[in-house]
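*Asks:* What follows is start_30.txt, compact mmCIF, C-alpha atoms.
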```txt
# COMPACT_ATOMS: atom_id res chain seq x y z
CA MET S 16 9.61 -10.28 13.04
CA SER S 17 6.45 -8.89 14.57
CA ILE S 18 5.29 -5.35 15.12
CA ARG S 19 2.96 -3.95 17.71
CA VAL S 20 1.45 -0.77 19.03
CA ILE S 21 3.76 0.30 21.85
CA GLY S 22 1.79 3.07 23.58
CA GLY S 23 -1.60 4.66 24.07
CA VAL S 24 -5.04 3.07 24.03
CA ALA S 25 -4.08 0.18 21.71
CA LYS S 26 -0.79 -0.61 23.49
CA GLY S 27 0.31 -4.20 22.99
CA ARG S 28 -1.89 -4.93 19.98
CA LYS S 29 0.00 -6.88 17.33
CA LEU S 30 -0.07 -5.61 13.74
CA LYS S 31 0.23 -7.53 10.50
CA LEU S 32 3.25 -7.17 8.27
CA VAL S 33 3.05 -6.53 4.55
CA PRO S 34 3.73 -9.87 2.79
CA GLY S 35 7.14 -10.09 1.12
CA ASP S 36 10.10 -7.78 1.66
CA SER S 37 8.85 -4.58 0.01
CA THR S 38 8.56 -2.66 3.30
CA ARG S 39 10.87 -2.08 6.27
CA PRO S 40 8.83 -1.67 9.43
CA ILE S 41 10.17 0.76 12.00
CA MET S 42 11.86 -0.92 14.96
CA ASP S 43 10.00 -0.64 18.29
CA ARG S 44 12.83 1.26 19.98
CA VAL S 45 12.92 3.83 17.15
CA LYS S 46 9.14 4.19 17.21
CA GLU S 47 9.23 4.63 21.00
CA ALA S 48 11.95 7.29 20.67
CA LEU S 49 9.99 9.06 17.91
CA PHE S 50 6.84 9.32 19.98
CA ASN S 51 8.77 10.36 23.09
CA ILE S 52 10.19 13.26 21.05
CA LEU S 53 6.77 14.13 19.60
CA GLY S 54 5.20 14.00 23.06
CA SER S 55 2.02 16.06 23.30
CA ARG S 56 2.40 17.33 19.71
CA VAL S 57 0.57 14.19 18.59
CA LEU S 58 -2.53 14.95 20.70
CA GLU S 59 -5.45 15.93 18.43
CA ALA S 60 -3.02 16.31 15.52
CA ARG S 61 -3.77 15.64 11.88
CA PHE S 62 -1.03 13.20 10.89
CA LEU S 63 0.13 12.31 7.37
CA ASP S 64 1.90 8.95 7.00
CA LEU S 65 3.73 8.87 3.64
CA TYR S 66 4.96 5.55 2.22
CA ALA S 67 2.79 4.09 4.98
CA GLY S 68 3.72 0.40 4.57
CA THR S 69 2.05 -1.47 7.44
CA GLY S 70 0.51 1.71 8.83
CA SER S 71 2.37 1.13 12.10
CA VAL S 72 3.48 4.76 12.63
CA GLY S 73 0.10 6.28 11.82
CA ILE S 74 -1.70 3.70 13.98
CA GLU S 75 0.69 4.51 16.82
CA ALA S 76 -0.22 8.19 16.37
CA ILE S 77 -3.95 7.41 16.66
CA SER S 78 -3.31 5.23 19.69
CA ARG S 79 -1.53 8.17 21.32
CA GLY S 80 -4.28 10.69 20.62
CA ALA S 81 -3.97 11.93 17.03
CA GLU S 82 -7.29 13.22 15.72
CA HIS S 83 -6.94 11.73 12.24
CA VAL S 84 -4.33 9.99 10.10
CA THR S 85 -4.10 9.99 6.33
CA PHE S 86 -2.07 7.08 5.00
CA VAL S 87 -0.60 7.46 1.50
CA GLU S 88 0.61 4.25 -0.09
CA ASN S 89 0.75 2.93 -3.64
CA ALA S 90 1.21 -0.83 -3.16
CA LYS S 91 -1.97 -2.90 -3.07
CA ALA S 92 -0.59 -5.40 -0.53
CA ALA S 93 0.42 -2.57 1.80
CA ILE S 94 -3.01 -0.92 1.51
CA GLN S 95 -4.69 -4.23 2.37
CA THR S 96 -2.35 -4.57 5.37
CA ILE S 97 -3.14 -1.03 6.59
CA GLU S 98 -6.88 -1.72 6.22
CA ALA S 99 -6.57 -4.97 8.19
CA ASN S 100 -4.46 -3.33 10.90
CA LEU S 101 -6.86 -0.40 11.29
CA LEU S 102 -9.81 -2.80 11.62
CA HIS S 103 -7.89 -5.00 14.05
CA VAL S 104 -7.25 -2.10 16.47
CA GLY S 105 -10.63 -0.44 15.82
CA PHE S 106 -9.18 2.77 14.38
CA ASP S 107 -10.75 2.69 10.90
CA GLY S 108 -12.99 5.65 11.84
CA PHE S 109 -9.92 7.82 12.53
CA ALA S 110 -8.14 7.24 9.25
CA GLU S 111 -8.20 7.67 5.50
CA ILE S 112 -6.13 5.59 3.09
CA VAL S 113 -5.14 7.24 -0.16
CA ARG S 114 -3.83 4.97 -2.89
CA ALA S 115 -1.39 7.16 -4.78
CA ASP S 116 2.23 7.74 -5.54
CA VAL S 117 3.42 9.99 -2.70
CA ARG S 118 5.04 12.40 -5.15
CA ASP S 119 1.80 12.82 -7.10
CA TYR S 120 -0.07 13.34 -3.83
CA LEU S 121 2.34 16.11 -2.80
CA ARG S 122 2.20 17.82 -6.20
CA ALA S 123 -1.58 18.22 -5.87
CA ALA S 124 -3.05 21.15 -3.95
CA PRO S 125 -3.65 20.08 -0.34
CA ARG S 126 -7.21 19.81 0.95
CA ASP S 127 -5.96 20.43 4.46
CA CYS S 128 -2.71 20.89 6.33
CA PHE S 129 -1.17 18.42 8.75
CA GLU S 130 0.56 19.14 12.05
CA LEU S 131 2.81 16.10 11.61
CA ILE S 132 4.08 14.41 8.44
CA TYR S 133 6.07 11.17 8.57
CA VAL S 134 8.21 10.21 5.56
CA ALA S 135 9.66 6.68 5.46
CA PRO S 136 10.25 5.72 1.81
CA PRO S 137 12.11 2.71 0.45
CA GLN S 138 15.81 3.24 1.10
CA TYR S 139 18.66 4.11 -1.27
CA ARG S 140 16.47 5.43 -4.09
CA GLY S 141 16.61 9.12 -3.27
CA LEU S 142 12.86 9.14 -2.62
CA TRP S 143 13.25 10.84 0.76
CA LEU S 144 15.05 13.77 -0.88
CA GLU S 145 12.53 14.04 -3.70
CA THR S 146 9.68 13.87 -1.18
CA LEU S 147 11.18 16.48 1.15
CA THR S 148 11.91 18.76 -1.82
CA LEU S 149 8.26 18.45 -2.95
CA LEU S 150 7.05 19.23 0.58
CA ASP S 151 9.32 22.25 0.67
CA ALA S 152 7.98 23.43 -2.71
CA ASN S 153 4.36 22.80 -1.62
CA PRO S 154 4.56 23.77 2.07
CA ASP S 155 0.79 24.12 2.56
CA HIS S 156 0.62 20.35 3.20
CA LEU S 157 2.28 21.16 6.54
CA CYS S 158 0.62 23.55 8.99
CA ALA S 159 2.60 26.51 10.30
CA ASP S 160 4.86 25.28 13.12
CA GLY S 161 4.20 21.71 11.95
CA TRP S 162 6.89 19.05 11.81
CA THR S 163 8.00 16.67 9.10
CA ILE S 164 10.02 13.67 10.22
CA VAL S 165 12.12 11.77 7.70
CA GLN S 166 13.27 8.19 8.44
CA ILE S 167 16.38 7.25 6.44
CA ASP S 168 19.61 5.32 6.70
CA PRO S 169 22.27 7.74 8.03
CA GLN S 170 24.36 7.02 4.91
CA GLU S 171 21.63 8.69 2.82
CA GLN S 172 21.85 12.01 4.64
CA GLN S 173 23.14 14.94 2.61
CA ALA S 174 23.14 18.71 2.62
CA LEU S 175 19.82 20.32 1.69
CA ASN S 176 18.76 23.60 0.15
CA LEU S 177 15.26 24.20 1.50
CA GLN S 178 13.22 27.40 1.38
CA ASN S 179 10.24 26.68 3.67
CA LEU S 180 11.35 23.86 5.96
CA ARG S 181 14.22 24.05 8.40
CA PRO S 182 16.00 21.17 10.13
CA ILE S 183 15.50 21.32 13.88
CA ASP S 184 16.79 17.97 15.20
CA GLU S 185 18.17 14.61 14.19
CA ARG S 186 18.51 11.38 16.12
CA LYS S 187 20.42 8.28 15.12
CA TYR S 188 19.43 4.79 16.27
CA GLY S 189 21.79 2.24 14.75
CA ASN S 190 21.14 2.28 11.00
CA THR S 191 18.09 4.54 11.32
CA LEU S 192 18.16 8.32 11.29
CA LEU S 193 15.13 10.38 12.27
CA TRP S 194 15.53 13.88 10.84
CA PHE S 195 13.08 16.54 12.05
CA PHE S 196 12.06 19.59 10.02
CA GLU S 197 9.75 22.44 10.96
CA ARG S 198 7.71 24.85 8.88
CA PRO S 199 8.18 28.05 10.91
CA SER S 200 5.18 30.34 11.19
CA ALA S 201 5.55 33.55 9.17
```
For the file at hand, write its structure as structure tokens.
*Replies:*
Amino acid sequence: MSIRVIGGVAKGRKLKLVPGDSTRPIMDRVKEALFNILGSRVLEARFLDLYAGTGSVGIEAISRGAEHVTFVENAKAAIQTIEANLLHVGFDGFAEIVRADVRDYLRAAPRDCFELIYVAPPQYRGLWLETLTLLDANPDHLCADGWTIVQIDPQEQQALNLQNLRPIDERKYGNTLLWFFERPSA
């Protein structure tokens, strides 16, 4: 399997995969659909890529005009892959890599808010729910009218009780569900 940047200024550039099977890169057709839905929202946005893996989604965001991407990842091999991919496409000046457990990162007071947050944790461990619950409890990570997108297997979807985020859309692509949440302005 190979992954690549599918749109924007770095279109066609191949990206490295994280060695081993610890990550599940997003399929090109799902990534294309995601960025078609995001459209101009990505332009000049601050983008937070949680459980960043290869960095493919955040790199795609930069390629399509995001102002800055913060990648949060805990695995050393994944961080090295993100660093290599950012250097390969020349985007290292538009990004920050934070080595941390995503949950610890979200429990801390945010330095800034993000217009877009992408959540793609390892599957079948309940991490997406724990992450979304933490974002809901600490909503200042997401700017007013900002979107959080959760990538899960449709079988993981369940009813939610959220106070600050509201579901606005969901799209299913085979065994991938993209679930969109918004933080409405007051």
*Asks:* With only C-alpha atoms as the atoms that count, which of S:Lys91, S:Arg181, S:Arg61, S:His103 lies nearest to Ile132 of chain S?
*Replies:*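 Residue with the minimum atom-to-atom distance to Ile132 of chain S: S:Arg61.
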*Asks:* Listing only residues of segment 89-177 of chain S within 12 Å of segment 46-50 of chain S, what is the closest atom pair and its distance in Å (to one decimal) for each, using only C-alpha atoms, sorted by chain and residue number ascending, as a Markdown table?
*Replies:*
```
| residue | atom | partner | partner_atom | distance |
| --- | --- | --- | --- | --- |
| S:Leu131 | CA | S:Phe50 | CA | 11.5 |
| S:Tyr133 | CA | S:Leu49 | CA | 10.3 |
| S:Thr163 | CA | S:Leu49 | CA | 11.8 |
| S:Ile164 | CA | S:Leu49 | CA | 9.0 |
| S:Val165 | CA | S:Leu49 | CA | 10.8 |
| S:Gln166 | CA | S:Leu49 | CA | 10.1 |
```
*Asks:* List as JSON, numbers by chain the protein and nucleic acid residues near segment 104-111 of chain S, meaning an atom at most 6 Å away when all atoms listed in the file are counted, but skip any in the same chain fewer than 4 places from it.
*Replies:* {"S": [83, 84, 85]}
*Asks:* State, in Å with one decimal place, the distance from atom CA of Asp43 of chain S to atom CA of Pro136 of chain S.
*Replies:* 17.7 Å
*Asks:* Record the distance separating atom CA of Met42 of chain S and atom CA of Ala174 of chain S, expressed in Å with one decimal.
*Replies:* 25.8 Å
*Asks:* Between S:Ile77, S:Ala92, S:Leu102, S:Ala124, which has the minimum distance to Lys26 of chain S (counting only C-alpha atoms)?
*Replies:* S:Ile77
*Asks:* How many Å lie between atom CA of Val24 of chain S and atom CA of Ile183 of chain S, rounded to one decimal?
*Replies:*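 These two atoms are separated by 29.3 Å.
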*Asks:* Got a sec: who's within 7 Å of Asp151 of chain S, counting only C-alpha atoms, leaving out chain neighbours fewer than 5 positions off, as a ChimeraX atom specification?
*Replies:* /S:177-180
*Asks:* Around (-3.6, 17.3, 14.8), as given in the file, which residues come within 10 Å? Count all atoms listed in the file and list them as a ChimeraX atom specification.
*Replies:* /S:56-63,76,80-84,128-131,158,161
*Asks:* Could you give me, as JSON lines, a per-residue list for segment 38-86 of chain S showing, wherever an atom lies at most 7 Å from an atom of segment 19-22 of chain S, the closest pair of atoms and their distance in Å to one decimal, using only C-alpha atoms and sorting by chain then residue number from low to high?
*Replies:*
```
{"residue": "S:Glu75", "atom": "CA", "partner": "S:Val20", "partner_atom": "CA", "distance": 5.8}
{"residue": "S:Ser78", "atom": "CA", "partner": "S:Gly22", "partner_atom": "CA", "distance": 6.8}
{"residue": "S:Arg79", "atom": "CA", "partner": "S:Gly22", "partner_atom": "CA", "distance": 6.5}
```
*Asks:* Tell me which of S:Asp127, S:Asp168, S:Glu185, S:Glu145 sits closest to Arg39 of chain S, counting all atoms listed in the file.
*Replies:*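 Closest residue, counting all atoms listed in the file: S:Asp168.
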*Asks:* Measuring atom to atom with only C-alpha atoms, identify which of S:Leu121, S:Ile52, S:Glu171, S:Ser71 is nearest to Ser17 of chain S.
*Replies:*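 Counting only C-alpha atoms, the residue closest to Ser17 of chain S is S:Ser71.
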*Asks:* Give as a PDB file with C-alpha atoms, in the coordinates of the input the set of residues within 10 Å of the point (5.9, 16.6, -1.1), where distances use the file's coordinates and all atoms listed in the file.
*Replies:*
```pdb
ATOM      1  CA  LEU S  65       3.730   8.870   3.640  1.00  0.00           C
ATOM      2  CA  VAL S 117       3.420   9.990  -2.700  1.00  0.00           C
ATOM      3  CA  ARG S 118       5.040  12.400  -5.150  1.00  0.00           C
ATOM      4  CA  ASP S 119       1.800  12.820  -7.100  1.00  0.00           C
ATOM      5  CA  TYR S 120      -0.070  13.340  -3.830  1.00  0.00           C
ATOM      6  CA  LEU S 121       2.340  16.110  -2.800  1.00  0.00           C
ATOM      7  CA  ARG S 122       2.200  17.820  -6.200  1.00  0.00           C
ATOM      8  CA  ALA S 123      -1.580  18.220  -5.870  1.00  0.00           C
ATOM      9  CA  ILE S 132       4.080  14.410   8.440  1.00  0.00           C
ATOM     10  CA  VAL S 134       8.210  10.210   5.560  1.00  0.00           C
ATOM     11  CA  TRP S 143      13.250  10.840   0.760  1.00  0.00           C
ATOM     12  CA  LEU S 144      15.050  13.770  -0.880  1.00  0.00           C
ATOM     13  CA  GLU S 145      12.530  14.040  -3.700  1.00  0.00           C
ATOM     14  CA  THR S 146       9.680  13.870  -1.180  1.00  0.00           C
ATOM     15  CA  LEU S 147      11.180  16.480   1.150  1.00  0.00           C
ATOM     16  CA  THR S 148      11.910  18.760  -1.820  1.00  0.00           C
ATOM     17  CA  LEU S 149       8.260  18.450  -2.950  1.00  0.00           C
ATOM     18  CA  LEU S 150       7.050  19.230   0.580  1.00  0.00           C
ATOM     19  CA  ASP S 151       9.320  22.250   0.670  1.00  0.00           C
ATOM     20  CA  ALA S 152       7.980  23.430  -2.710  1.00  0.00           C
ATOM     21  CA  ASN S 153       4.360  22.800  -1.620  1.00  0.00           C
ATOM     22  CA  PRO S 154       4.560  23.770   2.070  1.00  0.00           C
ATOM     23  CA  ASP S 155       0.790  24.120   2.560  1.00  0.00           C
ATOM     24  CA  HIS S 156       0.620  20.350   3.200  1.00  0.00           C
ATOM     25  CA  LEU S 157       2.280  21.160   6.540  1.00  0.00           C
TER      26      LEU S 157
END
```
*Asks:* List the neighbours of Glu88 of chain S out to 6 Å using all atoms listed in the file; skip same-chain residues closer than 3 positions along the sequence, and give me the result as a PDB file with C-alpha atoms, in the coordinates of the input.
*Replies:*
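Writing the result to out_15.pdb gives the following:
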```pdb
ATOM      1  CA  TYR S  66       4.960   5.550   2.220  1.00  0.00           C
ATOM      2  CA  ALA S  67       2.790   4.090   4.980  1.00  0.00           C
ATOM      3  CA  ARG S 114      -3.830   4.970  -2.890  1.00  0.00           C
ATOM      4  CA  ALA S 115      -1.390   7.160  -4.780  1.00  0.00           C
TER       5      ALA S 115
END
```
*Asks:* Using only C-alpha atoms, find the one residue out of S:Pro182, S:Pro199, S:Gly27, S:Gly73 that sits nearest to Ile41 of chain S.
*Replies:* S:Gly73
*Asks:* Pick out the residues sitting within 6 Å of segment 32-34 of chain S, and hand them over as a list in words; count all atoms listed in the file, and ignore anything fewer than 3 positions along from it in its own chain.
*Replies:*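 Contacts, with the query itself left out: Thr69, Ala93 and Thr96 of chain S.
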